[in-house]
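Data first, discussion second: the structure below is written as structure tokens.
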Amino acid sequence: MSEQLQIEKVFKDVHEHQRIAELIQRFSTNKGNVQKIALEGLELGKCRQILDLGCAFGSFSEKLRGRVPPDASATGVDIIAAYESLYLAACGRASLRGRFFSTGSPILKTFPERSFDLVLCSYALYFFPEAIPDVARLLRTDGVFAVITHYRRSTGELIDLTKRILETNGLLRERDLPLEIITDRFSSDNGEALLKHWFGRVQVIDFNNKLVFTKQDTEYLLEYFRFKSPLYLTDAGLHAEAVLPLILEGLARASREHNGMAVSKDDRIFICSLPRHGGAES
């Protein structure tokens with residue numbers, strides 16, 4: 001199965017995606033908004049052309065409300081066409097003129113050089129880190145690239161539990177789950193090095209967080225895992241739909257036995273400026 005199909009299996013139900021985003025906020029120990037924090041302190045008063053990569057339903061673009069000029073335009077790029085109406089509605093709430101492309105990151109190569117003042121990317125760059133040079137090419141000299149990504153061991157508790165259950169049942173086929181492979185491509189560990197090749201300045205901001213579910217919240221823990229499960233199980237050398245009930249049963253049992261579960265959800269923000277349109281000099 002291709003990575004695009006993995007993404008579509010997780011995010012095709014756009015309203016469920018919104019619900020899970022609200023669930024994450026509800027059970028987070030850090031009640032700050034990571035997207036707002038990413039934009040804090042940035043001078044956005046001259047940002048008229050904005051690009052939102054992996055835009056989903058537009059939560060990052062919406063945080064620009066009142067921060068950019070009234071004639072600003074936002075371009076959302078994703079691979080799920082069903083996000084279009086939600087993204088454009090978010091732009092409307094932010095008083096942005098919006099447009100949306102469901103062609104994914106390849107469309108970046110069709111945009112003119114230095115055509116954006118601000119590029120946003122929230123929890124998506126690990127799906128297409130090869131687009132970083134395109135972002136540098138598209139940013140104006142004084143432009144900013146704001147990226148949010150996961151820590152390398154984000155949701156490590158769920159990853160370890162899934163592996164233990166699969167191994168106990170003789171079903172662990174690969175050393176790494178699909179989520180680990182995806183996160184490895186762009187995370188807290190390697191993100192700065194990947195970005196510094198294309199940007200003269202990279203600021204790092206950590207957002208420390210956990211999702212804490214009590215035993216009484218087990219149903220929400222299961223809902224969270226069920227939504228994310230294709231990234232844990234699909235293309236892992238097993239039949240994901242058949243295995244999922246086994247994982248959910250083990251997860252519920254662990255939650256009952258340990259009076260709930262805390263799930264690591266640390267994130268890292270990179271604020272990139274001074275784009276090198278040809279990459280770093282050797």
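Chain labels follow the order of the structure tokens: the first chain is A, the next B, and so on; residue numbering restarts at 1 in every chain, and ligands are counted from 1 in their shown order.
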Please report, as an NGL selection string, each residue of segment 50-273 of chain A to which DSSP assigns alpha helix (DSSP H) when run on this structure's backbone.
:A and (59-62 or 84-93 or 132-138 or 156-168 or 178-185 or 191-196 or 218-233 or 240-257)
Pull the closest atom pair for each residue of segment 193-236 of chain A that gets at most 6 Å from segment 254-273 of chain A, along with the distance in Å to one decimal, counting only C-alpha atoms, ordering rows by chain and then ascending residue number, as JSON lines.
{"residue": "A:Phe199", "atom": "CA", "partner": "A:Ser273", "partner_atom": "CA", "distance": 5.8}
{"residue": "A:Arg201", "atom": "CA", "partner": "A:Ser273", "partner_atom": "CA", "distance": 5.3}
{"residue": "A:Val202", "atom": "CA", "partner": "A:Cys272", "partner_atom": "CA", "distance": 4.5}
{"residue": "A:Gln203", "atom": "CA", "partner": "A:Ile271", "partner_atom": "CA", "distance": 5.0}
{"residue": "A:Val204", "atom": "CA", "partner": "A:Phe270", "partner_atom": "CA", "distance": 4.9}
{"residue": "A:Ile205", "atom": "CA", "partner": "A:Ile269", "partner_atom": "CA", "distance": 4.9}
{"residue": "A:Asp206", "atom": "CA", "partner": "A:Arg268", "partner_atom": "CA", "distance": 4.6}
{"residue": "A:Phe207", "atom": "CA", "partner": "A:Asp267", "partner_atom": "CA", "distance": 5.1}
{"residue": "A:Asn208", "atom": "CA", "partner": "A:Asp266", "partner_atom": "CA", "distance": 4.6}
{"residue": "A:Asn209", "atom": "CA", "partner": "A:Asp266", "partner_atom": "CA", "distance": 4.8}
{"residue": "A:Lys210", "atom": "CA", "partner": "A:Ser264", "partner_atom": "CA", "distance": 4.7}
{"residue": "A:Leu211", "atom": "CA", "partner": "A:Val263", "partner_atom": "CA", "distance": 5.0}
{"residue": "A:Val212", "atom": "CA", "partner": "A:Ala262", "partner_atom": "CA", "distance": 4.4}
{"residue": "A:Phe213", "atom": "CA", "partner": "A:Met261", "partner_atom": "CA", "distance": 5.3}
{"residue": "A:Thr214", "atom": "CA", "partner": "A:Gly260", "partner_atom": "CA", "distance": 4.0}
{"residue": "A:Lys215", "atom": "CA", "partner": "A:Gly260", "partner_atom": "CA", "distance": 4.1}
For N, CA and C atoms, I'd like the residues from the last selection saved as a compact mmCIF listing (two decimals), in the first residue's frame.
# COMPACT_ATOMS: atom_id res chain seq x y z
N PHE A 199 18.01 26.98 4.93
CA PHE A 199 17.66 28.24 5.59
C PHE A 199 18.82 28.71 6.45
N ARG A 201 18.73 30.70 8.98
CA ARG A 201 18.39 30.79 10.41
C ARG A 201 17.24 29.84 10.71
N VAL A 202 17.42 29.00 11.74
CA VAL A 202 16.39 28.07 12.18
C VAL A 202 16.26 28.19 13.69
N GLN A 203 15.13 28.69 14.13
CA GLN A 203 14.85 28.80 15.57
C GLN A 203 14.06 27.58 16.01
N VAL A 204 14.40 27.03 17.19
CA VAL A 204 13.76 25.83 17.71
C VAL A 204 12.96 26.18 18.96
N ILE A 205 11.71 25.74 19.00
CA ILE A 205 10.84 25.96 20.16
C ILE A 205 10.21 24.62 20.52
N ASP A 206 10.38 24.18 21.74
CA ASP A 206 9.80 22.91 22.18
C ASP A 206 8.43 23.13 22.82
N PHE A 207 7.53 22.21 22.54
CA PHE A 207 6.18 22.23 23.09
C PHE A 207 6.00 20.89 23.82
N ASN A 208 6.22 20.90 25.12
CA ASN A 208 6.17 19.67 25.91
C ASN A 208 4.72 19.37 26.30
N ASN A 209 4.33 18.11 26.12
CA ASN A 209 2.93 17.78 26.32
C ASN A 209 2.76 16.29 26.54
N LYS A 210 1.68 15.92 27.19
CA LYS A 210 1.24 14.53 27.32
C LYS A 210 -0.27 14.50 27.15
N LEU A 211 -0.78 13.38 26.67
CA LEU A 211 -2.21 13.10 26.71
C LEU A 211 -2.43 12.19 27.90
N VAL A 212 -3.26 12.61 28.84
CA VAL A 212 -3.48 11.83 30.05
C VAL A 212 -4.93 11.37 30.07
N PHE A 213 -5.11 10.05 29.99
CA PHE A 213 -6.43 9.42 30.03
C PHE A 213 -6.56 8.65 31.34
N THR A 214 -7.57 8.95 32.14
CA THR A 214 -7.84 8.14 33.33
C THR A 214 -8.50 6.83 32.91
N LYS A 215 -8.67 5.93 33.86
CA LYS A 215 -9.35 4.67 33.55
C LYS A 215 -10.76 4.93 33.04
Any idea what's packed within 7 Å of Ser122 of chain A, counting only C-alpha atoms, ignoring anything in its chain fewer than 4 positions away? Could you give it as an mmCIF file with N, CA, C and O atoms, in the first residue's frame?
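For reference, around-v8.cif as written:
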data_model
loop_
_atom_site.group_PDB
_atom_site.id
_atom_site.type_symbol
_atom_site.label_atom_id
_atom_site.label_comp_id
_atom_site.auth_asym_id
_atom_site.auth_seq_id
_atom_site.Cartn_x
_atom_site.Cartn_y
_atom_site.Cartn_z
ATOM 1 N N VAL A 147 7.168 25.506 10.908
ATOM 2 C CA VAL A 147 6.933 24.068 10.836
ATOM 3 C C VAL A 147 6.685 23.515 12.232
ATOM 4 O O VAL A 147 7.405 23.844 13.172
ATOM 5 N N ILE A 148 5.676 22.649 12.351
ATOM 6 C CA ILE A 148 5.427 21.929 13.604
ATOM 7 C C ILE A 148 5.533 20.440 13.306
ATOM 8 O O ILE A 148 4.958 19.948 12.335
ATOM 9 N N THR A 149 6.280 19.738 14.151
ATOM 10 C CA THR A 149 6.432 18.300 13.949
ATOM 11 C C THR A 149 6.484 17.598 15.297
ATOM 12 O O THR A 149 6.422 18.228 16.361
#
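When only C-alpha atoms are used to compute distances to Lys109 of chain A, the closest of the residues A:Arg185, A:Lys196, A:Arg137, A:Arg253 turns out to be A:Arg137.
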Could you list, as a ChimeraX atom specification, every residue within 10 Å of segment 51-56 of chain A, counting only C-alpha atoms and ignoring same-chain residues fewer than 6 positions away?
/A:11,14,17-18,73-84,86-87,98-102,104-105,108,115-125,127-128,131,135,138-139,145-147
Atom pair atom CA of Pro275 of chain A / atom CA of Leu44 of chain A: separation (Å):
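Between atom CA of Pro275 of chain A and atom CA of Leu44 of chain A the gap works out to 16.7 Å.
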From a DSSP pass on the backbone, collect the residues of segment 13-252 of chain A flagged as strand (DSSP E or B) and hand them back as a VMD selection string.
chain A and resid 28 49 to 53 73 to 77 97 to 101 116 to 122 139 to 150 199 to 207 210 to 214
Can you measure atom CA of Ile247 of chain A to atom CA of Leu172 of chain A for me? One decimal in Å is fine.
12.1 Å
Within 10 Å of Leu166 of chain A, counting only C-alpha atoms, which residues show up once you throw out same-chain ones fewer than 6 positions away? Write them as a list in words, please.
Asp160, Leu172, Arg173, Leu238, Val243, Leu246 and Ile247 of chain A
I need the chosen residues saved as an mmCIF file, in the first residue's frame, with N, CA, C and O atoms.
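Saved as part-v1.cif:
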data_model
loop_
_atom_site.group_PDB
_atom_site.id
_atom_site.type_symbol
_atom_site.label_atom_id
_atom_site.label_comp_id
_atom_site.auth_asym_id
_atom_site.auth_seq_id
_atom_site.Cartn_x
_atom_site.Cartn_y
_atom_site.Cartn_z
ATOM 1 N N ASP A 160 5.030 1.054 21.687
ATOM 2 C CA ASP A 160 5.590 -0.089 22.413
ATOM 3 C C ASP A 160 4.511 -1.118 22.745
ATOM 4 O O ASP A 160 4.739 -2.340 22.625
ATOM 5 N N LEU A 172 4.217 -9.750 14.825
ATOM 6 C CA LEU A 172 5.137 -8.650 14.550
ATOM 7 C C LEU A 172 6.023 -9.013 13.370
ATOM 8 O O LEU A 172 6.929 -9.843 13.486
ATOM 9 N N ARG A 173 5.767 -8.406 12.229
ATOM 10 C CA ARG A 173 6.460 -8.768 10.988
ATOM 11 C C ARG A 173 7.669 -7.869 10.693
ATOM 12 O O ARG A 173 8.608 -8.293 10.025
ATOM 13 N N LEU A 238 0.761 -7.161 7.871
ATOM 14 C CA LEU A 238 -0.358 -7.878 8.464
ATOM 15 C C LEU A 238 -1.669 -7.243 8.019
ATOM 16 O O LEU A 238 -1.682 -6.180 7.412
ATOM 17 N N VAL A 243 -6.382 -7.154 12.835
ATOM 18 C CA VAL A 243 -5.540 -7.034 14.024
ATOM 19 C C VAL A 243 -6.045 -5.955 14.970
ATOM 20 O O VAL A 243 -5.866 -6.043 16.192
ATOM 21 N N LEU A 246 -7.678 -6.759 18.345
ATOM 22 C CA LEU A 246 -6.721 -7.330 19.286
ATOM 23 C C LEU A 246 -5.947 -6.225 20.004
ATOM 24 O O LEU A 246 -5.752 -6.272 21.226
ATOM 25 N N ILE A 247 -5.523 -5.210 19.246
ATOM 26 C CA ILE A 247 -4.784 -4.091 19.837
ATOM 27 C C ILE A 247 -5.688 -3.305 20.778
ATOM 28 O O ILE A 247 -5.281 -2.931 21.884
#
Find the residues around Arg97 of chain A up to 12 Å (only C-alpha atoms counted), leave out those fewer than 6 positions away in its own chain, and share them as a ChimeraX atom specification.
/A:48-51,61-62,65,68-76,87-91
